[in-house]
>>> print(open('work-v2.cif').read())   # mmCIF, C-alpha atoms and all ligand atoms
data_model
loop_
_atom_site.group_PDB
_atom_site.id
_atom_site.type_symbol
_atom_site.label_atom_id
_atom_site.label_comp_id
_atom_site.auth_asym_id
_atom_site.auth_seq_id
_atom_site.Cartn_x
_atom_site.Cartn_y
_atom_site.Cartn_z
ATOM 1 C CA MET A 9 3.498 -7.678 -0.346
ATOM 2 C CA LYS A 10 4.641 -4.234 0.725
ATOM 3 C CA LEU A 11 6.353 -2.092 -1.913
ATOM 4 C CA LEU A 12 9.269 -1.811 0.480
ATOM 5 C CA GLU A 13 9.781 -5.574 0.139
ATOM 6 C CA VAL A 14 9.510 -5.292 -3.666
ATOM 7 C CA LYS A 15 12.225 -2.668 -3.562
ATOM 8 C CA GLU A 16 14.477 -4.882 -1.442
ATOM 9 C CA LEU A 17 13.919 -8.111 -3.414
ATOM 10 C CA LEU A 18 14.786 -6.344 -6.671
ATOM 11 C CA SER A 19 17.491 -4.051 -5.227
ATOM 12 C CA ALA A 20 15.460 -1.341 -6.909
ATOM 13 C CA GLU A 21 16.056 2.361 -7.139
ATOM 14 C CA VAL A 22 13.094 4.587 -6.189
ATOM 15 C CA PHE A 23 12.404 7.589 -8.441
ATOM 16 C CA CYS A 24 9.309 8.900 -6.735
ATOM 17 C CA GLY A 25 6.700 7.938 -4.189
ATOM 18 C CA GLU A 26 9.199 7.024 -1.445
ATOM 19 C CA GLU A 27 6.481 8.015 1.044
ATOM 20 C CA PHE A 28 4.127 5.303 -0.267
ATOM 21 C CA LEU A 29 6.447 2.298 0.162
ATOM 22 C CA GLU A 30 4.285 0.948 3.000
ATOM 23 C CA THR A 31 1.484 0.343 0.456
ATOM 24 C CA GLU A 32 0.516 -3.315 -0.139
ATOM 25 C CA VAL A 33 0.120 -4.914 -3.581
ATOM 26 C CA ASP A 34 -1.844 -8.179 -3.963
ATOM 27 C CA SER A 35 -0.554 -9.373 -7.329
ATOM 28 C CA ALA A 36 1.589 -8.349 -10.274
ATOM 29 C CA PHE A 37 1.491 -8.165 -14.067
ATOM 30 C CA GLY A 38 4.457 -7.952 -16.412
ATOM 31 C CA SER A 39 4.303 -6.718 -20.010
ATOM 32 C CA ASP A 40 5.943 -4.342 -22.464
ATOM 33 C CA LEU A 41 2.623 -3.931 -24.218
ATOM 34 C CA MET A 42 0.204 -1.423 -22.698
ATOM 35 C CA SER A 43 -2.562 -2.854 -24.916
ATOM 36 C CA ASP A 44 -2.290 -6.064 -22.890
ATOM 37 C CA VAL A 45 -2.246 -4.256 -19.562
ATOM 38 C CA LEU A 46 -5.511 -2.550 -20.546
ATOM 39 C CA ALA A 47 -7.073 -5.792 -21.763
ATOM 40 C CA PHE A 48 -5.940 -8.321 -19.143
ATOM 41 C CA VAL A 49 -5.637 -6.583 -15.798
ATOM 42 C CA ASN A 50 -8.694 -6.731 -13.552
ATOM 43 C CA THR A 51 -7.349 -5.798 -10.155
ATOM 44 C CA ARG A 52 -4.948 -3.296 -8.620
ATOM 45 C CA VAL A 53 -1.606 -4.812 -9.472
ATOM 46 C CA LEU A 54 2.064 -3.975 -9.410
ATOM 47 C CA LEU A 55 3.126 -3.350 -13.019
ATOM 48 C CA LEU A 56 6.508 -4.559 -14.286
ATOM 49 C CA THR A 57 7.563 -3.299 -17.705
ATOM 50 C CA GLY A 58 10.543 -2.629 -19.943
ATOM 51 C CA LEU A 59 8.670 0.124 -21.755
ATOM 52 C CA VAL A 60 9.472 3.687 -20.720
ATOM 53 C CA ASN A 61 7.173 6.462 -21.932
ATOM 54 C CA PRO A 62 4.445 8.702 -20.451
ATOM 55 C CA GLN A 63 1.730 6.289 -21.635
ATOM 56 C CA VAL A 64 2.960 3.709 -19.128
ATOM 57 C CA VAL A 65 2.024 6.127 -16.329
ATOM 58 C CA ARG A 66 -1.265 7.045 -18.033
ATOM 59 C CA THR A 67 -2.175 3.404 -18.540
ATOM 60 C CA ALA A 68 -1.408 2.737 -14.887
ATOM 61 C CA GLU A 69 -3.574 5.691 -13.882
ATOM 62 C CA MET A 70 -6.574 4.366 -15.829
ATOM 63 C CA MET A 71 -6.134 0.921 -14.279
ATOM 64 C CA ASP A 72 -5.698 2.270 -10.717
ATOM 65 C CA ILE A 73 -2.189 0.858 -10.635
ATOM 66 C CA SER A 74 -0.174 2.733 -8.036
ATOM 67 C CA ALA A 75 3.315 1.323 -8.551
ATOM 68 C CA ILE A 76 5.475 0.575 -11.598
ATOM 69 C CA VAL A 77 8.787 -1.292 -11.752
ATOM 70 C CA PHE A 78 10.923 -0.585 -14.819
ATOM 71 C CA VAL A 79 13.081 -3.629 -15.606
ATOM 72 C CA ARG A 80 16.408 -4.154 -17.439
ATOM 73 C CA GLY A 81 17.826 -1.052 -15.778
ATOM 74 C CA LYS A 82 15.543 1.333 -17.642
ATOM 75 C CA CYS A 83 15.116 4.714 -16.018
ATOM 76 C CA PRO A 84 12.195 7.106 -16.451
ATOM 77 C CA GLY A 85 12.930 10.657 -17.615
ATOM 78 C CA GLU A 86 12.010 13.822 -15.699
ATOM 79 C CA ASP A 87 8.726 14.223 -17.604
ATOM 80 C CA ILE A 88 7.608 10.732 -16.641
ATOM 81 C CA ILE A 89 8.666 11.190 -13.000
ATOM 82 C CA GLU A 90 6.762 14.500 -12.778
ATOM 83 C CA LEU A 91 3.651 12.910 -14.268
ATOM 84 C CA ALA A 92 3.843 9.987 -11.818
ATOM 85 C CA LYS A 93 4.374 12.353 -8.860
ATOM 86 C CA SER A 94 1.230 14.291 -9.777
ATOM 87 C CA LYS A 95 -0.684 11.007 -9.574
ATOM 88 C CA ASN A 96 0.889 9.843 -6.288
ATOM 89 C CA MET A 97 2.493 6.895 -8.008
ATOM 90 C CA VAL A 98 5.583 4.950 -7.031
ATOM 91 C CA LEU A 99 8.240 4.464 -9.732
ATOM 92 C CA LEU A 100 10.989 1.897 -9.239
ATOM 93 C CA SER A 101 13.776 0.581 -11.443
ATOM 94 C CA THR A 102 15.668 -2.713 -11.248
ATOM 95 C CA LYS A 103 18.656 -4.034 -13.200
ATOM 96 C CA ASN A 104 16.933 -7.442 -13.411
ATOM 97 C CA THR A 105 15.177 -8.559 -16.596
ATOM 98 C CA LEU A 106 11.392 -8.979 -16.637
ATOM 99 C CA TYR A 107 11.681 -12.740 -16.147
ATOM 100 C CA THR A 108 14.153 -12.580 -13.288
ATOM 101 C CA ALA A 109 12.342 -9.746 -11.519
ATOM 102 C CA SER A 110 9.041 -11.624 -11.825
ATOM 103 C CA GLY A 111 10.645 -14.812 -10.523
ATOM 104 C CA LYS A 112 12.085 -13.088 -7.481
ATOM 105 C CA LEU A 113 8.751 -11.497 -6.593
ATOM 106 C CA TYR A 114 6.832 -14.728 -7.205
ATOM 107 C CA ALA A 115 9.255 -16.670 -5.009
ATOM 108 C CA GLY A 116 8.767 -13.991 -2.384
ATOM 109 C CA GLY A 117 5.032 -14.678 -2.362
ATOM 110 C CA LEU A 118 3.625 -12.143 -4.835
ATOM 111 C CA THR A 119 1.441 -14.053 -7.298
ATOM 112 C CA GLY A 120 0.406 -13.084 -10.819
ATOM 113 C CA GLU A 121 -2.744 -11.482 -12.115
ATOM 114 C CA GLU A 122 -4.587 -14.168 -14.089
ATOM 115 C CA LYS A 123 -7.576 -13.519 -16.291
ATOM 116 C CA GLY A 124 -10.892 -14.923 -15.189
ATOM 117 C CA GLU A 125 -10.304 -14.349 -11.426
ATOM 118 C CA MET Q 5 -25.029 14.700 -8.441
ATOM 119 C CA ALA Q 6 -24.445 17.126 -11.291
ATOM 120 C CA ASP Q 7 -27.222 16.192 -13.695
ATOM 121 C CA GLY Q 8 -26.736 16.902 -17.374
ATOM 122 C CA MET Q 9 -23.150 18.094 -17.060
ATOM 123 C CA LYS Q 10 -21.513 18.520 -20.482
ATOM 124 C CA LEU Q 11 -17.806 18.680 -21.178
ATOM 125 C CA GLN Q 12 -15.914 19.110 -24.427
ATOM 126 C CA PHE Q 13 -12.248 18.422 -25.131
ATOM 127 C CA VAL Q 14 -9.916 18.730 -28.086
ATOM 128 C CA VAL Q 15 -7.531 15.833 -28.692
ATOM 129 C CA ASP Q 16 -4.353 16.970 -30.410
ATOM 130 C CA ASP Q 17 -3.179 15.576 -33.693
ATOM 131 C CA GLY Q 18 -0.443 13.010 -33.285
ATOM 132 C CA ASP Q 19 0.783 14.251 -29.888
ATOM 133 C CA PHE Q 20 1.387 10.842 -28.410
ATOM 134 C CA THR Q 21 3.023 12.042 -25.188
ATOM 135 C CA ARG Q 22 -0.164 13.899 -24.256
ATOM 136 C CA ALA Q 23 -2.600 11.178 -25.349
ATOM 137 C CA GLY Q 24 -4.713 10.228 -22.365
ATOM 138 C CA GLU Q 25 -4.909 13.686 -20.787
ATOM 139 C CA THR Q 26 -8.609 13.932 -21.566
ATOM 140 C CA SER Q 27 -9.358 10.533 -20.046
ATOM 141 C CA SER Q 28 -7.363 11.561 -16.996
ATOM 142 C CA LYS Q 29 -9.400 14.768 -16.588
ATOM 143 C CA VAL Q 30 -12.701 12.935 -16.953
ATOM 144 C CA LYS Q 31 -11.603 10.286 -14.469
ATOM 145 C CA LYS Q 32 -10.805 13.036 -11.948
ATOM 146 C CA THR Q 33 -14.144 14.769 -12.536
ATOM 147 C CA LEU Q 34 -16.104 11.530 -12.041
ATOM 148 C CA THR Q 35 -14.177 10.803 -8.859
ATOM 149 C CA GLN Q 36 -14.998 14.276 -7.515
ATOM 150 C CA LEU Q 37 -18.656 13.780 -8.417
ATOM 151 C CA GLY Q 38 -18.692 10.614 -6.338
ATOM 152 C CA PHE Q 39 -19.344 7.937 -8.967
ATOM 153 C CA SER Q 40 -18.578 4.337 -7.948
ATOM 154 C CA PRO Q 41 -15.081 2.959 -8.626
ATOM 155 C CA GLU Q 42 -16.647 0.378 -10.949
ATOM 156 C CA VAL Q 43 -18.284 3.021 -13.171
ATOM 157 C CA ILE Q 44 -15.161 5.199 -13.149
ATOM 158 C CA ARG Q 45 -12.983 2.261 -14.164
ATOM 159 C CA LYS Q 46 -15.250 1.371 -17.094
ATOM 160 C CA VAL Q 47 -15.283 4.963 -18.346
ATOM 161 C CA ALA Q 48 -11.538 5.426 -17.857
ATOM 162 C CA ILE Q 49 -10.457 2.295 -19.723
ATOM 163 C CA ALA Q 50 -12.959 2.563 -22.600
ATOM 164 C CA MET Q 51 -12.298 6.257 -23.094
ATOM 165 C CA TYR Q 52 -8.514 5.944 -22.874
ATOM 166 C CA GLU Q 53 -8.511 3.214 -25.551
ATOM 167 C CA GLY Q 54 -10.609 5.492 -27.753
ATOM 168 C CA GLU Q 55 -8.423 8.514 -27.116
ATOM 169 C CA ILE Q 56 -5.268 6.555 -27.998
ATOM 170 C CA ASN Q 57 -6.940 5.364 -31.221
ATOM 171 C CA MET Q 58 -7.774 8.978 -32.112
ATOM 172 C CA VAL Q 59 -4.113 9.923 -31.738
ATOM 173 C CA ILE Q 60 -2.414 6.910 -33.357
ATOM 174 C CA HIS Q 61 -4.900 6.157 -36.149
ATOM 175 C CA ALA Q 62 -6.879 9.328 -36.770
ATOM 176 C CA ASN Q 63 -5.164 12.767 -36.468
ATOM 177 C CA GLY Q 64 -7.009 13.733 -33.287
ATOM 178 C CA GLY Q 65 -10.449 15.278 -32.961
ATOM 179 C CA THR Q 66 -12.939 16.133 -30.241
ATOM 180 C CA ILE Q 67 -14.414 14.289 -27.285
ATOM 181 C CA ASP Q 68 -17.783 15.213 -25.796
ATOM 182 C CA VAL Q 69 -18.748 13.815 -22.421
ATOM 183 C CA GLU Q 70 -22.247 14.001 -20.975
ATOM 184 C CA ILE Q 71 -22.613 13.074 -17.354
ATOM 185 C CA SER Q 72 -25.881 12.363 -15.604
ATOM 186 C CA SER Q 73 -26.875 10.233 -12.620
ATOM 187 C CA GLU Q 74 -28.203 7.607 -15.046
ATOM 188 C CA LYS Q 75 -25.489 7.272 -17.630
ATOM 189 C CA ILE Q 76 -22.254 8.623 -18.975
ATOM 190 C CA LEU Q 77 -22.110 9.292 -22.680
ATOM 191 C CA ILE Q 78 -18.764 9.660 -24.483
ATOM 192 C CA ILE Q 79 -18.699 10.852 -28.094
ATOM 193 C CA MET Q 80 -15.323 10.679 -29.810
ATOM 194 C CA GLN Q 81 -15.211 12.302 -33.230
ATOM 195 C CA ASP Q 82 -12.007 12.253 -35.264
ATOM 196 C CA ARG Q 83 -10.846 13.475 -38.661
ATOM 197 C CA GLY Q 84 -8.967 10.317 -39.549
ATOM 198 C CA PRO Q 85 -9.070 7.967 -42.541
ATOM 199 C CA GLY Q 86 -12.204 6.141 -41.386
ATOM 200 C CA ILE Q 87 -12.531 2.382 -40.844
ATOM 201 C CA ALA Q 88 -13.074 0.292 -43.991
ATOM 202 C CA ASP Q 89 -14.386 -2.842 -42.274
ATOM 203 C CA ILE Q 90 -15.758 -2.246 -38.777
ATOM 204 C CA GLU Q 91 -16.494 -5.919 -38.122
ATOM 205 C CA ARG Q 92 -12.892 -6.799 -38.874
ATOM 206 C CA ALA Q 93 -11.560 -3.897 -36.797
ATOM 207 C CA MET Q 94 -13.632 -5.128 -33.838
ATOM 208 C CA GLN Q 95 -11.916 -8.529 -33.860
ATOM 209 C CA ALA Q 96 -9.392 -9.071 -31.064
ATOM 210 C CA GLY Q 97 -5.923 -9.047 -32.565
ATOM 211 C CA PHE Q 98 -6.739 -7.100 -35.725
ATOM 212 C CA SER Q 99 -4.491 -4.060 -36.053
ATOM 213 C CA THR Q 100 -3.069 -1.906 -38.798
ATOM 214 C CA ALA Q 101 -0.656 -0.211 -36.372
ATOM 215 C CA ASP Q 102 2.906 0.150 -37.682
ATOM 216 C CA SER Q 103 6.117 -0.763 -35.875
ATOM 217 C CA LYS Q 104 6.418 2.778 -34.482
ATOM 218 C CA VAL Q 105 3.105 2.418 -32.652
ATOM 219 C CA ARG Q 106 4.143 -1.045 -31.395
ATOM 220 C CA GLU Q 107 7.370 0.355 -29.990
ATOM 221 C CA LEU Q 108 5.237 2.746 -27.973
ATOM 222 C CA GLY Q 109 3.439 -0.217 -26.393
ATOM 223 C CA PHE Q 110 0.247 -0.230 -28.447
ATOM 224 C CA GLY Q 111 -1.084 -1.925 -31.578
ATOM 225 C CA ALA Q 112 -2.160 -5.337 -30.303
ATOM 226 C CA GLY Q 113 -5.628 -4.973 -31.783
ATOM 227 C CA MET Q 114 -7.220 -5.112 -28.343
ATOM 228 C CA GLY Q 115 -8.569 -1.571 -28.042
ATOM 229 C CA LEU Q 116 -11.939 -1.771 -29.783
ATOM 230 C CA PRO Q 117 -12.876 -5.149 -28.203
ATOM 231 C CA ASN Q 118 -11.851 -3.711 -24.836
ATOM 232 C CA MET Q 119 -14.038 -0.614 -25.380
ATOM 233 C CA LYS Q 120 -16.946 -2.936 -26.164
ATOM 234 C CA LYS Q 121 -16.230 -4.945 -23.022
ATOM 235 C CA TYR Q 122 -16.157 -1.940 -20.706
ATOM 236 C CA SER Q 123 -19.134 -0.061 -22.153
ATOM 237 C CA ASP Q 124 -22.844 -0.898 -22.043
ATOM 238 C CA GLU Q 125 -23.444 0.418 -25.542
ATOM 239 C CA MET Q 126 -21.021 1.134 -28.352
ATOM 240 C CA GLU Q 127 -21.838 2.636 -31.717
ATOM 241 C CA ILE Q 128 -19.345 3.327 -34.506
ATOM 242 C CA THR Q 129 -20.132 5.492 -37.503
ATOM 243 C CA THR Q 130 -17.406 6.024 -40.041
ATOM 244 C CA GLU Q 131 -16.803 7.499 -43.455
ATOM 245 C CA ILE Q 132 -13.710 6.727 -45.508
ATOM 246 C CA GLY Q 133 -11.528 9.791 -45.888
ATOM 247 C CA LYS Q 134 -13.648 11.850 -43.478
ATOM 248 C CA GLY Q 135 -13.413 10.334 -40.033
ATOM 249 C CA THR Q 136 -14.885 8.087 -37.390
ATOM 250 C CA CYS Q 137 -17.275 8.686 -34.525
ATOM 251 C CA VAL Q 138 -17.345 6.291 -31.589
ATOM 252 C CA LYS Q 139 -20.204 6.695 -29.137
ATOM 253 C CA LEU Q 140 -19.936 4.923 -25.813
ATOM 254 C CA THR Q 141 -22.591 4.667 -23.122
ATOM 255 C CA ILE Q 142 -21.837 3.531 -19.604
ATOM 256 C CA ASN Q 143 -24.856 3.011 -17.378
ATOM 257 C CA VAL Q 144 -24.730 4.129 -13.785
ATOM 258 C CA LYS Q 145 -26.467 1.540 -11.649
ATOM 259 C CA GLY Q 146 -27.777 2.026 -8.129
HETATM 260 N N1 LIG A 201 -10.483 6.111 -34.836
HETATM 261 C C1 LIG A 201 -10.019 5.286 -35.780
HETATM 262 N N2 LIG A 201 -9.818 5.730 -37.034
HETATM 263 C C2 LIG A 201 -9.342 4.894 -37.995
HETATM 264 N N3 LIG A 201 -9.062 3.601 -37.785
HETATM 265 C C3 LIG A 201 -9.251 3.104 -36.561
HETATM 266 C C4 LIG A 201 -9.741 3.908 -35.477
HETATM 267 N N4 LIG A 201 -9.848 3.135 -34.383
HETATM 268 C C5 LIG A 201 -9.453 1.902 -34.754
HETATM 269 N N5 LIG A 201 -9.091 1.872 -36.044
HETATM 270 C C6 LIG A 201 -8.649 0.682 -36.835
HETATM 271 O O1 LIG A 201 -9.078 -0.489 -36.178
HETATM 272 C C7 LIG A 201 -7.943 -1.289 -35.818
HETATM 273 C C8 LIG A 201 -8.224 -1.979 -34.492
HETATM 274 O O2 LIG A 201 -8.304 -0.997 -33.445
HETATM 275 P P1 LIG A 201 -7.960 -1.437 -31.955
HETATM 276 O O3 LIG A 201 -8.075 -0.263 -31.080
HETATM 277 O O4 LIG A 201 -8.785 -2.621 -31.615
HETATM 278 O O5 LIG A 201 -6.458 -1.943 -32.069
HETATM 279 P P2 LIG A 201 -5.113 -1.082 -32.194
HETATM 280 O O6 LIG A 201 -5.382 0.335 -31.865
HETATM 281 O O7 LIG A 201 -4.516 -1.375 -33.521
HETATM 282 O O8 LIG A 201 -4.222 -1.737 -31.057
HETATM 283 P P3 LIG A 201 -4.432 -1.550 -29.459
HETATM 284 O O9 LIG A 201 -5.720 -0.862 -29.251
HETATM 285 O O10 LIG A 201 -4.403 -2.945 -28.900
HETATM 286 O O11 LIG A 201 -3.282 -0.742 -28.998
HETATM 287 C C9 LIG A 201 -6.779 -0.343 -35.816
HETATM 288 O O12 LIG A 201 -5.530 -0.979 -36.009
HETATM 289 C C10 LIG A 201 -7.133 0.613 -36.950
HETATM 290 O O13 LIG A 201 -6.848 0.024 -38.203
HETATM 291 MG MG MG A 202 -6.424 0.853 -30.104
#
>>> encode(input="work-v2.cif", output="structure tokens")
Amino acid sequence: MKLLEVKELLSAEVFCGEEFLETEVDSAFGSDLMSDVLAFVNTRVLLLTGLVNPQVVRTAEMMDISAIVFVRGKCPGEDIIELAKSKNMVLLSTKNTLYTASGKLYAGGLTGEEKGE
Amino acid sequence: MADGMKLQFVVDDGDFTRAGETSSKVKKTLTQLGFSPEVIRKVAIAMYEGEINMVIHANGGTIDVEISSEKILIIMQDRGPGIADIERAMQAGFSTADSKVRELGFGAGMGLPNMKKYSDEMEITTEIGKGTCVKLTINVKG
């Protein structure tokens, strides 16, 4: 799924990386716990999270995750946006909760990252 | 490839917002040196978990990285409280992290097992009240 479609399905606001919205993501992972992102993600996913701090961007960087959707209407601060920009990342925000956002994307054809391939 | 390249970094005490900067720098360096994405990913994840542990559990310290065409060696030395029971700490799900750390998105007790998973060798030496040293080796194949 193209990030542009993610943006439309979730009526999301784009904070940075507008120029990368043509990028494709193959699957997604949703969690507020970065420990779990580090332990369970094996592929390049779209990350959905309700956690907003610089470590979300750093975790994504280590995992080669290029796009993050903040759920429940959470917005990243300037420091987080600047950090994401320097790593060519796309930051989005939706008013939907994690469950609803995930459901919309899943229904749209974006499946989940599952451990064990 | 740059054989025998040595890098040293200081990890700041308790500065959570900057935790991960060292791992980010090393990831960039390895990318520039042309290591495979697989090797870079292993180093990045294992080192980042270790760096976060140094900040949230251990008052910071130093990280030494030795890069050669055969292996990448990461030595993380902190001045924290030490680990009383390493075997227990290595178990998935064991964590002494407080609610503050959990609010930041960490403290699931997955870090050490994950470092083991992504490294080819892992050695922990620790002394109560003095600090902990975690040595990680990632082999470069092919
Ligand atoms: N460098 C360290 N110094 C002192 N104690 C440590 C250190 N690293 C780990 N520990 C201890 O081992 C426990 C397990 O570490 P581990 O990294 O597996 O989990 P965590 O850091 O608590 O949570 P997570 O890594 O999932 O965010 C920690 O909760 C802490 O008690
Ligand atoms: Mg940890």
>>> resolve_selection(input="work-v2.cif", expression="the PyMOL selection byres (((not hetatm)) within 9 of (chain A and resi 201))", output="PyMOL selection string")
(chain A and resi 41-44+46-47) or (chain Q and resi 53-64+80-90+92-102+105-106+109-119+130+132+135-138)
>>> atom_distance(input="work-v2.cif", atom1="CA of Leu54 (chain A)", atom2="CA of Val77 (chain A)")
7.6 Å
>>> atom_distance(input="work-v2.cif", atom1="CA of Ile89 (chain A)", atom2="CA of Ala23 (chain Q)")
16.7 Å
>>> atom_distance(input="work-v2.cif", atom1="CA of Lys75 (chain Q)", atom2="CA of Asn96 (chain A)")
28.8 Å
>>> resolve_selection(input="work-v2.cif", expression="the PyMOL selection byres ((chain A and not hetatm) within 12 of (chain Q))", output="JSON, numbers by chain")
{"A": [39, 40, 41, 42, 43, 44, 45, 46, 47, 48, 49, 50, 51, 52, 57, 58, 59, 60, 61, 62, 63, 64, 65, 66, 67, 68, 69, 70, 71, 72, 73, 87, 88, 91, 94, 95]}
>>> resolve_selection(input="work-v2.cif", expression="the PyMOL selection byres (((chain Q and resi 144) around 10) and not hetatm)", output="ChimeraX atom specification")
/Q:39-40,42-44,71-76,124,141-143,145-146
>>> closest_residue(input="work-v2.cif", among="Q:Val30, Q:Gly133, Q:Lys120, Q:Leu37", to="ligand MG 202 (chain A)", atoms="all atoms listed in the file")
Q:Lys120
>>> build_atoms(input="work-v2.cif", residues="region 134-145 of chain Q", atoms="N, CA and C atoms", output="mmCIF file, in the coordinates of the input")
data_model
loop_
_atom_site.group_PDB
_atom_site.id
_atom_site.type_symbol
_atom_site.label_atom_id
_atom_site.label_comp_id
_atom_site.auth_asym_id
_atom_site.auth_seq_id
_atom_site.Cartn_x
_atom_site.Cartn_y
_atom_site.Cartn_z
ATOM 1 N N LYS Q 134 -13.075 10.748 -44.273
ATOM 2 C CA LYS Q 134 -13.648 11.850 -43.478
ATOM 3 C C LYS Q 134 -13.367 11.710 -41.992
ATOM 4 N N GLY Q 135 -13.629 10.524 -41.457
ATOM 5 C CA GLY Q 135 -13.413 10.334 -40.033
ATOM 6 C C GLY Q 135 -14.330 9.300 -39.422
ATOM 7 N N THR Q 136 -14.142 9.110 -38.117
ATOM 8 C CA THR Q 136 -14.885 8.087 -37.390
ATOM 9 C C THR Q 136 -15.472 8.706 -36.130
ATOM 10 N N CYS Q 137 -16.677 8.251 -35.775
ATOM 11 C CA CYS Q 137 -17.275 8.686 -34.525
ATOM 12 C C CYS Q 137 -17.607 7.449 -33.691
ATOM 13 N N VAL Q 138 -17.054 7.399 -32.497
ATOM 14 C CA VAL Q 138 -17.345 6.291 -31.589
ATOM 15 C C VAL Q 138 -18.148 6.836 -30.416
ATOM 16 N N LYS Q 139 -19.325 6.252 -30.217
ATOM 17 C CA LYS Q 139 -20.204 6.695 -29.137
ATOM 18 C C LYS Q 139 -20.293 5.586 -28.093
ATOM 19 N N LEU Q 140 -19.919 5.919 -26.888
ATOM 20 C CA LEU Q 140 -19.936 4.923 -25.813
ATOM 21 C C LEU Q 140 -20.927 5.343 -24.733
ATOM 22 N N THR Q 141 -21.703 4.395 -24.249
ATOM 23 C CA THR Q 141 -22.591 4.667 -23.122
ATOM 24 C C THR Q 141 -22.225 3.742 -21.973
ATOM 25 N N ILE Q 142 -22.064 4.327 -20.809
ATOM 26 C CA ILE Q 142 -21.837 3.531 -19.604
ATOM 27 C C ILE Q 142 -22.964 3.838 -18.631
ATOM 28 N N ASN Q 143 -23.737 2.818 -18.291
ATOM 29 C CA ASN Q 143 -24.856 3.011 -17.378
ATOM 30 C C ASN Q 143 -24.375 3.132 -15.940
ATOM 31 N N VAL Q 144 -25.053 3.970 -15.206
ATOM 32 C CA VAL Q 144 -24.730 4.129 -13.785
ATOM 33 C C VAL Q 144 -25.814 3.391 -13.009
ATOM 34 N N LYS Q 145 -25.451 2.306 -12.392
ATOM 35 C CA LYS Q 145 -26.467 1.540 -11.649
ATOM 36 C C LYS Q 145 -26.479 1.925 -10.185
#
